[in-house]
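> Input file: work.pdb. Contents: PDB, C-alpha atoms.
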```
ATOM      1  CA  MET A   1       0.000   0.000   0.000
ATOM      2  CA  ALA A   2       2.801   2.309   0.936
ATOM      3  CA  ARG A   3       4.564   1.502  -2.309
ATOM      4  CA  ARG A   4       1.455   2.386  -4.236
ATOM      5  CA  ASN A   5       1.244   5.760  -2.537
ATOM      6  CA  LEU A   6       4.852   6.588  -3.310
ATOM      7  CA  SER A   7       4.513   5.667  -6.966
ATOM      8  CA  ALA A   8       1.419   7.815  -7.168
ATOM      9  CA  ARG A   9       3.397  10.766  -5.868
ATOM     10  CA  PRO A  10       6.846  10.847  -7.423
ATOM     11  CA  GLY A  11       7.525  14.176  -5.710
ATOM     12  CA  ALA A  12       7.012  12.576  -2.311
ATOM     13  CA  ALA A  13       9.268   9.666  -3.250
ATOM     14  CA  THR A  14      12.012  12.061  -4.300
ATOM     15  CA  LEU A  15      11.591  14.050  -1.101
ATOM     16  CA  ALA A  16      11.895  10.889   0.964
ATOM     17  CA  PHE A  17      15.054   9.937  -0.909
ATOM     18  CA  LEU A  18      16.473  13.403  -0.346
ATOM     19  CA  LEU A  19      15.813  13.275   3.400
ATOM     20  CA  LEU A  20      17.326   9.795   3.589
ATOM     21  CA  LEU A  21      20.378  11.046   1.779
ATOM     22  CA  LEU A  22      20.778  14.045   4.064
ATOM     23  CA  PHE A  23      20.191  12.419   7.432
ATOM     24  CA  GLY A  24      21.637   9.058   6.470
ATOM     25  CA  GLY A  25      24.808  10.715   5.219
ATOM     26  CA  ALA A  26      25.146  12.833   8.340
ATOM     27  CA  GLY A  27      24.702   9.789  10.543
ATOM     28  CA  ALA A  28      27.320   7.834   8.666
ATOM     29  CA  ALA A  29      29.814  10.697   8.932
ATOM     30  CA  THR A  30      29.310  10.958  12.680
ATOM     31  CA  ALA A  31      29.657   7.220  13.142
ATOM     32  CA  ALA A  32      32.984   7.160  11.362
ATOM     33  CA  GLU A  33      34.416   9.835  13.740
ATOM     34  CA  GLY A  34      36.708  11.020  11.019
ATOM     35  CA  VAL A  35      38.723  14.183  10.744
ATOM     36  CA  SER A  36      37.978  16.974   8.328
ATOM     37  CA  VAL A  37      41.362  18.151   7.117
ATOM     38  CA  ASP A  38      41.319  21.525   5.407
ATOM     39  CA  VAL A  39      44.465  22.584   3.532
ATOM     40  CA  GLY A  40      44.915  26.009   2.010
ATOM     41  CA  CYS A  41      47.730  26.805  -0.373
ATOM     42  CA  VAL A  42      48.945  30.404  -0.072
ATOM     43  CA  TYR A  43      51.348  32.121  -2.435
ATOM     44  CA  ALA A  44      53.471  34.620  -0.496
ATOM     45  CA  SER A  45      55.692  37.054  -2.337
ATOM     46  CA  ASN A  46      57.028  40.608  -2.379
ATOM     47  CA  GLN A  47      55.272  41.415  -5.628
ATOM     48  CA  GLY A  48      52.649  44.007  -4.805
ATOM     49  CA  SER A  49      50.981  44.407  -1.462
ATOM     50  CA  SER A  50      47.722  42.537  -1.460
ATOM     51  CA  MET A  51      46.122  40.383   1.177
ATOM     52  CA  ASP A  52      43.556  37.796   0.102
ATOM     53  CA  PRO A  53      40.339  38.188   2.157
ATOM     54  CA  ALA A  54      39.827  34.421   1.907
ATOM     55  CA  LEU A  55      42.592  34.049   4.478
ATOM     56  CA  GLY A  56      40.214  35.228   7.186
ATOM     57  CA  ASN A  57      41.690  36.023  10.582
ATOM     58  CA  ILE A  58      44.995  34.347   9.712
ATOM     59  CA  ARG A  59      45.958  37.427   7.682
ATOM     60  CA  GLY A  60      47.380  39.347  10.614
ATOM     61  CA  LYS A  61      49.262  36.287  11.801
ATOM     62  CA  LEU A  62      50.944  35.832   8.446
ATOM     63  CA  GLN A  63      52.013  39.470   8.358
ATOM     64  CA  SER A  64      53.419  39.172  11.894
ATOM     65  CA  MET A  65      55.434  36.081  11.096
ATOM     66  CA  PHE A  66      56.756  36.649   7.597
ATOM     67  CA  ASN A  67      58.260  39.533   5.679
ATOM     68  CA  TYR A  68      56.282  39.055   2.500
ATOM     69  CA  THR A  69      54.061  41.864   1.263
ATOM     70  CA  SER A  70      51.525  39.883  -0.763
ATOM     71  CA  TYR A  71      49.507  36.827   0.197
ATOM     72  CA  LYS A  72      47.154  35.089  -2.173
ATOM     73  CA  MET A  73      45.164  31.903  -1.629
ATOM     74  CA  LEU A  74      45.813  29.735  -4.684
ATOM     75  CA  ASP A  75      43.772  26.732  -3.677
ATOM     76  CA  ARG A  76      41.922  25.233  -0.790
ATOM     77  CA  GLN A  77      40.875  21.626  -0.426
ATOM     78  CA  ARG A  78      39.087  19.743   2.296
ATOM     79  CA  ARG A  79      38.908  15.997   2.850
ATOM     80  CA  SER A  80      36.945  14.043   5.403
ATOM     81  CA  LEU A  81      39.302  11.285   6.465
ATOM     82  CA  ALA A  82      38.965   8.353   8.790
ATOM     83  CA  VAL A  83      41.823   7.379  11.097
ATOM     84  CA  GLY A  84      44.442   5.636   8.973
ATOM     85  CA  GLN A  85      42.936   6.894   5.722
ATOM     86  CA  ALA A  86      45.347   8.929   3.606
ATOM     87  CA  GLY A  87      44.125  12.040   1.823
ATOM     88  CA  ASP A  88      46.085  13.430  -1.099
ATOM     89  CA  TYR A  89      46.144  17.127  -1.939
ATOM     90  CA  ALA A  90      47.632  18.333  -5.213
ATOM     91  CA  PHE A  91      49.016  21.856  -5.504
ATOM     92  CA  PRO A  92      50.900  23.922  -8.114
ATOM     93  CA  ASP A  93      54.427  23.019  -9.271
ATOM     94  CA  ARG A  94      53.881  19.294  -8.677
ATOM     95  CA  TYR A  95      53.747  19.791  -4.935
ATOM     96  CA  THR A  96      51.537  17.248  -3.241
ATOM     97  CA  MET A  97      50.595  16.697   0.357
ATOM     98  CA  ARG A  98      49.441  13.451   1.880
ATOM     99  CA  VAL A  99      47.681  13.748   5.231
ATOM    100  CA  THR A 100      46.804  10.703   7.317
ATOM    101  CA  PRO A 101      44.919  11.072  10.611
ATOM    102  CA  LEU A 102      46.346   8.939  13.401
ATOM    103  CA  SER A 103      44.644   7.704  16.520
ATOM    104  CA  ALA A 104      44.331  10.384  19.191
ATOM    105  CA  GLU A 105      42.580  10.861  22.518
ATOM    106  CA  GLY A 106      39.869  13.315  23.440
ATOM    107  CA  LYS A 107      39.492  16.370  21.273
ATOM    108  CA  LYS A 108      43.004  16.108  19.952
ATOM    109  CA  VAL A 109      43.875  15.269  16.378
ATOM    110  CA  ARG A 110      47.117  13.710  15.235
ATOM    111  CA  LEU A 111      48.140  14.008  11.645
ATOM    112  CA  ASN A 112      50.943  12.459   9.670
ATOM    113  CA  VAL A 113      51.844  14.956   6.957
ATOM    114  CA  GLN A 114      54.038  14.214   3.967
ATOM    115  CA  VAL A 115      55.006  16.886   1.424
ATOM    116  CA  THR A 116      56.518  15.861  -1.892
ATOM    117  CA  GLU A 117      57.640  17.625  -5.034
ATOM    118  CA  GLY A 118      57.231  15.097  -7.788
ATOM    119  CA  PRO A 119      59.306  12.107  -6.661
ATOM    120  CA  LYS A 120      61.201  14.131  -3.998
ATOM    121  CA  ASN A 121      60.089  13.724  -0.425
ATOM    122  CA  LEU A 122      60.494  17.171   1.122
ATOM    123  CA  LEU A 123      58.952  16.613   4.521
ATOM    124  CA  THR A 124      57.509  13.939   6.742
ATOM    125  CA  THR A 125      56.108  15.052  10.058
ATOM    126  CA  THR A 126      53.618  14.089  12.706
ATOM    127  CA  VAL A 127      51.759  16.852  14.475
ATOM    128  CA  GLY A 128      49.178  16.877  17.209
ATOM    129  CA  LEU A 129      46.648  19.706  17.405
ATOM    130  CA  SER A 130      43.277  20.506  18.900
ATOM    131  CA  ARG A 131      40.183  20.163  16.734
ATOM    132  CA  GLY A 132      39.843  23.526  15.043
ATOM    133  CA  GLY A 133      43.561  24.140  15.387
ATOM    134  CA  MET A 134      46.034  25.009  12.657
ATOM    135  CA  VAL A 135      49.654  24.367  11.743
ATOM    136  CA  LEU A 136      51.621  25.907   8.874
ATOM    137  CA  VAL A 137      54.051  24.270   6.483
ATOM    138  CA  GLY A 138      55.942  26.664   4.237
ATOM    139  CA  GLY A 139      58.994  27.229   2.162
ATOM    140  CA  PRO A 140      58.565  25.489  -1.213
ATOM    141  CA  PRO A 141      59.503  28.047  -3.879
ATOM    142  CA  HIS A 142      56.805  29.150  -6.322
ATOM    143  CA  GLN A 143      57.277  31.788  -9.031
ATOM    144  CA  ALA A 144      58.810  34.829  -7.276
ATOM    145  CA  GLY A 145      57.880  33.731  -3.770
ATOM    146  CA  VAL A 146      57.025  30.708  -1.702
ATOM    147  CA  LEU A 147      54.070  28.499  -0.915
ATOM    148  CA  ILE A 148      52.669  28.314   2.579
ATOM    149  CA  PHE A 149      50.252  25.506   3.387
ATOM    150  CA  LEU A 150      47.659  26.161   6.078
ATOM    151  CA  ILE A 151      46.588  22.860   7.615
ATOM    152  CA  SER A 152      43.604  22.831   9.909
ATOM    153  CA  ALA A 153      41.663  19.881  11.284
ATOM    154  CA  GLU A 154      38.206  19.557  12.786
TER     155      GLU A 154
ATOM    156  CA  MET B   1     -26.507  83.608 -52.955
ATOM    157  CA  GLU B   2     -23.154  85.175 -53.743
ATOM    158  CA  CYS B   3     -20.496  83.349 -55.759
ATOM    159  CA  ASN B   4     -18.006  83.033 -52.822
ATOM    160  CA  ASN B   5     -20.632  81.354 -50.700
ATOM    161  CA  ALA B   6     -21.756  79.152 -53.598
ATOM    162  CA  ARG B   7     -18.177  77.883 -54.264
ATOM    163  CA  LYS B   8     -17.799  76.897 -50.610
ATOM    164  CA  ARG B   9     -21.015  74.894 -50.834
ATOM    165  CA  ILE B  10     -20.054  73.110 -54.055
ATOM    166  CA  GLY B  11     -17.564  70.945 -52.131
ATOM    167  CA  GLU B  12     -20.096  70.221 -49.404
ATOM    168  CA  LYS B  13     -22.608  69.168 -52.078
ATOM    169  CA  VAL B  14     -20.148  66.745 -53.651
ATOM    170  CA  ASP B  15     -19.457  65.247 -50.229
ATOM    171  CA  GLY B  16     -23.202  64.941 -49.595
ATOM    172  CA  LEU B  17     -23.078  67.215 -46.602
ATOM    173  CA  LEU B  18     -25.304  69.972 -47.875
ATOM    174  CA  PRO B  19     -28.839  70.244 -46.398
ATOM    175  CA  PRO B  20     -31.683  69.992 -48.995
ATOM    176  CA  GLU B  21     -32.714  73.656 -48.691
ATOM    177  CA  ALA B  22     -29.137  74.871 -49.122
ATOM    178  CA  GLU B  23     -28.733  72.500 -52.069
ATOM    179  CA  ARG B  24     -31.788  74.049 -53.740
ATOM    180  CA  GLU B  25     -30.382  77.543 -53.200
ATOM    181  CA  LEU B  26     -27.092  76.384 -54.696
ATOM    182  CA  SER B  27     -28.846  74.856 -57.723
ATOM    183  CA  ASP B  28     -30.695  78.143 -58.323
ATOM    184  CA  HIS B  29     -27.405  80.012 -58.187
ATOM    185  CA  LEU B  30     -25.627  77.569 -60.537
ATOM    186  CA  ALA B  31     -28.453  77.929 -63.039
ATOM    187  CA  ALA B  32     -27.962  81.663 -63.086
ATOM    188  CA  CYS B  33     -24.117  81.771 -62.837
ATOM    189  CA  PRO B  34     -22.118  80.053 -65.622
ATOM    190  CA  ALA B  35     -18.789  80.488 -63.792
ATOM    191  CA  CYS B  36     -19.965  78.685 -60.652
ATOM    192  CA  ALA B  37     -21.717  76.049 -62.768
ATOM    193  CA  GLU B  38     -18.416  75.348 -64.536
ATOM    194  CA  GLU B  39     -16.582  74.954 -61.208
ATOM    195  CA  SER B  40     -19.303  72.664 -59.922
ATOM    196  CA  ARG B  41     -18.911  70.393 -62.962
ATOM    197  CA  GLY B  42     -15.139  70.290 -62.462
ATOM    198  CA  VAL B  43     -15.402  69.381 -58.786
ATOM    199  CA  SER B  44     -18.003  66.718 -59.562
ATOM    200  CA  LEU B  45     -15.566  65.065 -62.002
ATOM    201  CA  VAL B  46     -12.524  65.176 -59.660
ATOM    202  CA  GLY B  47     -14.297  63.480 -56.693
ATOM    203  CA  PRO B  48     -15.186  60.215 -58.481
ATOM    204  CA  ALA B  49     -11.706  60.111 -60.034
ATOM    205  CA  ILE B  50     -10.035  60.242 -56.588
ATOM    206  CA  LYS B  51     -12.402  57.593 -55.277
ATOM    207  CA  ALA B  52     -11.642  55.335 -58.238
ATOM    208  CA  PHE B  53      -7.908  55.783 -57.657
ATOM    209  CA  LEU B  54      -8.205  54.892 -53.960
ATOM    210  CA  ASP B  55     -10.349  51.846 -54.738
ATOM    211  CA  ALA B  56      -7.767  50.630 -57.243
ATOM    212  CA  SER B  57      -4.936  51.089 -54.723
ATOM    213  CA  ALA B  58      -6.847  49.204 -52.036
ATOM    214  CA  ALA B  59      -7.589  46.358 -54.458
ATOM    215  CA  GLU B  60      -3.902  46.182 -55.355
ATOM    216  CA  ALA B  61      -2.802  46.071 -51.702
ATOM    217  CA  ALA B  62      -5.493  43.593 -50.631
ATOM    218  CA  PRO B  63      -3.507  40.362 -51.268
ATOM    219  CA  ARG B  64      -0.512  41.668 -49.304
ATOM    220  CA  LEU B  65      -2.765  42.730 -46.450
ATOM    221  CA  ASP B  66      -4.375  39.286 -46.461
ATOM    222  CA  VAL B  67      -0.968  37.619 -46.180
ATOM    223  CA  LEU B  68       0.040  39.980 -43.390
ATOM    224  CA  TRP B  69      -3.143  39.336 -41.477
ATOM    225  CA  THR B  70      -2.724  35.570 -41.924
ATOM    226  CA  ARG B  71       0.735  35.803 -40.430
ATOM    227  CA  VAL B  72      -0.498  37.902 -37.522
ATOM    228  CA  ARG B  73      -3.259  35.402 -36.787
ATOM    229  CA  ALA B  74      -0.848  32.480 -36.995
ATOM    230  CA  GLY B  75       1.502  34.278 -34.603
ATOM    231  CA  ILE B  76      -1.291  34.894 -32.140
ATOM    232  CA  GLU B  77      -2.370  31.233 -32.285
ATOM    233  CA  GLU B  78       1.198  30.023 -31.813
ATOM    234  CA  HIS B  79       1.653  32.280 -28.789
ATOM    235  CA  ARG B  80      -1.592  30.971 -27.295
ATOM    236  CA  GLU B  81      -0.444  27.376 -27.811
ATOM    237  CA  ALA B  82       2.886  28.088 -26.148
ATOM    238  CA  ARG B  83       1.111  29.559 -23.127
ATOM    239  CA  ARG B  84      -1.289  26.633 -22.891
ATOM    240  CA  ARG B  85       1.382  23.928 -23.080
ATOM    241  CA  PRO B  86       2.905  24.279 -19.545
ATOM    242  CA  ALA B  87      -0.527  23.790 -18.050
ATOM    243  CA  TRP B  88      -0.575  20.260 -19.487
ATOM    244  CA  ILE B  89       2.415  19.292 -17.289
ATOM    245  CA  PRO B  90       1.132  18.357 -13.848
ATOM    246  CA  MET B  91       2.371  20.194 -10.798
ATOM    247  CA  TRP B  92       3.888  17.036  -9.291
ATOM    248  CA  ALA B  93       6.170  16.719 -12.318
ATOM    249  CA  TRP B  94       7.616  20.151 -11.634
ATOM    250  CA  LEU B  95       8.044  19.275  -7.961
ATOM    251  CA  SER B  96       9.786  16.016  -8.838
ATOM    252  CA  ALA B  97      12.094  17.771 -11.261
ATOM    253  CA  ALA B  98      12.999  20.396  -8.648
ATOM    254  CA  LEU B  99      13.764  17.783  -6.032
ATOM    255  CA  ALA B 100      15.778  15.682  -8.463
ATOM    256  CA  LEU B 101      17.815  18.771  -9.251
ATOM    257  CA  ALA B 102      18.366  19.384  -5.536
ATOM    258  CA  VAL B 103      19.594  15.791  -5.129
ATOM    259  CA  LEU B 104      22.009  16.196  -8.024
ATOM    260  CA  VAL B 105      23.347  19.433  -6.542
ATOM    261  CA  LEU B 106      23.865  17.721  -3.195
ATOM    262  CA  LEU B 107      25.555  14.716  -4.780
ATOM    263  CA  PHE B 108      27.921  16.644  -6.991
ATOM    264  CA  TYR B 109      28.509  19.731  -4.866
ATOM    265  CA  PRO B 110      32.276  20.201  -4.517
ATOM    266  CA  THR B 111      32.563  19.502  -0.809
ATOM    267  CA  GLY B 112      36.341  19.388  -1.069
ATOM    268  CA  THR B 113      36.452  23.145  -1.435
ATOM    269  CA  ALA B 114      35.558  25.292   1.536
ATOM    270  CA  ARG B 115      34.631  28.865   0.897
ATOM    271  CA  SER B 116      34.433  30.305   4.382
ATOM    272  CA  PRO B 117      37.586  32.149   5.451
ATOM    273  CA  PHE B 118      40.044  30.399   7.754
ATOM    274  CA  ASN B 119      39.182  30.917  11.380
ATOM    275  CA  PRO B 120      41.351  28.609  13.519
ATOM    276  CA  SER B 121      40.456  28.334  17.181
ATOM    277  CA  SER B 122      43.926  27.359  18.351
ATOM    278  CA  PHE B 123      47.578  27.353  17.370
ATOM    279  CA  ASP B 124      48.530  24.875  20.038
ATOM    280  CA  VAL B 125      50.469  22.298  18.063
ATOM    281  CA  ALA B 126      52.742  19.493  19.225
ATOM    282  CA  VAL B 127      55.272  18.470  16.601
ATOM    283  CA  GLU B 128      56.166  14.864  17.356
ATOM    284  CA  GLU B 129      58.659  14.303  14.605
ATOM    285  CA  VAL B 130      60.056  16.109  11.569
ATOM    286  CA  GLU B 131      62.306  14.693   8.915
ATOM    287  CA  SER B 132      63.290  15.283   5.324
ATOM    288  CA  GLU B 133      65.351  13.355   2.830
ATOM    289  CA  THR B 134      66.093  16.193   0.445
ATOM    290  CA  ALA B 135      65.659  19.493   2.273
ATOM    291  CA  THR B 136      66.518  21.283   5.475
ATOM    292  CA  VAL B 137      63.557  21.661   7.786
ATOM    293  CA  ALA B 138      63.197  24.283  10.506
ATOM    294  CA  LEU B 139      60.561  24.485  13.187
ATOM    295  CA  VAL B 140      59.490  28.085  13.817
ATOM    296  CA  ASP B 141      57.694  28.932  17.041
ATOM    297  CA  LYS B 142      57.013  32.615  17.704
ATOM    298  CA  GLY B 143      54.672  32.223  20.652
ATOM    299  CA  GLU B 144      51.250  30.876  21.525
ATOM    300  CA  ASP B 145      49.384  33.598  19.669
ATOM    301  CA  LEU B 146      51.021  32.734  16.375
ATOM    302  CA  PRO B 147      50.870  29.516  14.398
ATOM    303  CA  ARG B 148      53.757  27.084  14.535
ATOM    304  CA  VAL B 149      55.485  26.806  11.199
ATOM    305  CA  ILE B 150      57.429  23.949   9.712
ATOM    306  CA  TRP B 151      59.678  25.631   7.147
ATOM    307  CA  ILE B 152      61.170  23.666   4.275
ATOM    308  CA  ILE B 153      64.455  25.021   2.887
ATOM    309  CA  GLU B 154      65.171  23.564  -0.528
ATOM    310  CA  ASP B 155      68.762  24.034  -1.743
ATOM    311  CA  GLY B 156      69.062  27.078   0.499
ATOM    312  CA  THR B 157      66.675  29.009  -1.752
ATOM    313  CA  THR B 158      64.045  29.982   0.777
TER     314      THR B 158
END
```
Mind turning this structure into structure tokens?

Amino acid sequence: MARRNLSARPGAATLAFLLLLLFGGAGAATAAEGVSVDVGCVYASNQGSSMDPALGNIRGKLQSMFNYTSYKMLDRQRRSLAVGQAGDYAFPDRYTMRVTPLSAEGKKVRLNVQVTEGPKNLLTTTVGLSRGGMVLVGGPPHQAGVLIFLISAE
Amino acid sequence: MECNNARKRIGEKVDGLLPPEAERELSDHLAACPACAEESRGVSLVGPAIKAFLDASAAEAAPRLDVLWTRVRAGIEEHREARRRPAWIPMWAWLSAALALAVLVLLFYPTGTARSPFNPSSFDVAVEEVESETATVALVDKGEDLPRVIWIIEDGTT
């Protein structure tokens, strides 16, 4: 009987599917207890004096820490990763970053971060940060400046 | 009746606008005045000639006007059909289409790209290990209020 009603109202069937998708997906994400790893790729240089608004409240921090005059967000990627699941991020000039969440206690997040330039392994590190926290990895040359990666996890 | 007055009324007579009494007065005058009678004859000949010319022009333009009117009517009918057509599609079909579109947007929305600006709640970071096979790596810590930075120095260039 219920099937008959749904076929008589395709709109209702679609709505039911949509709700299932929304709430079912949210439930699955919570159950996995994964980490949302957000990586921004910033191009810092002394060419011009612009500050990308997309950098939010990190703008002042960047200006306090570095001597560059221009900061531009080139790319920003976010992956929802389970513990032990590697997430790959591709950036300009063949730079790639692989982030793997490790097991952690409480509201802490531990991340294994690997930065490569083509076949060259530039960095392997393990960092622990609070959910919502941020760590920076910088230095790879790009055009007339450098790249700074903003890594945050929630 | 004087000639000036009679000549004004000749035109009105040709157009059929002259009252019967005035027409009689005019006829009396024309019978007595050869000059006005001559003008009356001339005006009487010109009127039918103009009418014949206009009738001929209208007859010549009639086929083109028919074609134009046919096109206008066809256009009006086509517009009416186009307005009627959406009413044939039931409301639930529109609703289904809208929801299907919403599902597609949700499925293919680029969740990997966040658009809100960065707003980290903490810069408290513990670096457990750092190593590099091809570059020099420095750990920069300028205090709790500033992020910790792992700086990669490739070939001493940065």
> Selected by the ChimeraX specification (/A :<6) & /B in the shown coordinates: which residues, as an NGL selection string?
:B and (92 or 95-96 or 112-113 or 117-123 or 125-132 or 134-135 or 147-153 or 158)
> In Å, rounded to a single decimal, give me how far atom CA of Tyr43 of chain A is from atom CA of Gln143 of chain A.
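Between these atoms lies a distance of 8.9 Å.
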> Using the chain letters and numbers from the file, which residues does the PyMOL selection byres ((chain B and resi 3-8) around 9) grab, as a PyMOL selection string?
chain B and resi 1-2+9-12+25-26+29-30+33+35-36+39-40
> Can you report as lines of an AutoDock Vina configuration file the centre and edge lengths in Å, to one decimal, of an axis-aligned box around the listed atoms of segment 119-134 of chain A padded with 5 Å on each side?

```
center_x = 50.5
center_y = 18.6
center_z = 6.1
size_x = 31.4
size_y = 22.9
size_z = 35.6
```
> Rounded to one decimal, what separation in Å do you get between atom CA of Asp66 of chain B and atom CA of Gly47 of chain B?
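Distance between the two atoms: 28.1 Å.
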> Give me, please, the distance in Å between atom CA of Leu54 of chain B and atom CA of Gly75 of chain B, quoted to one decimal.
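Distance reported for this atom pair: 29.9 Å.
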> Calculated over all atoms listed in the file, which of the candidates A:Ser70, A:Thr96, A:Ser103, A:Gln85 has the smallest distance to Gly48 of chain A?
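Result for the nearest residue to Gly48 of chain A: A:Ser70.
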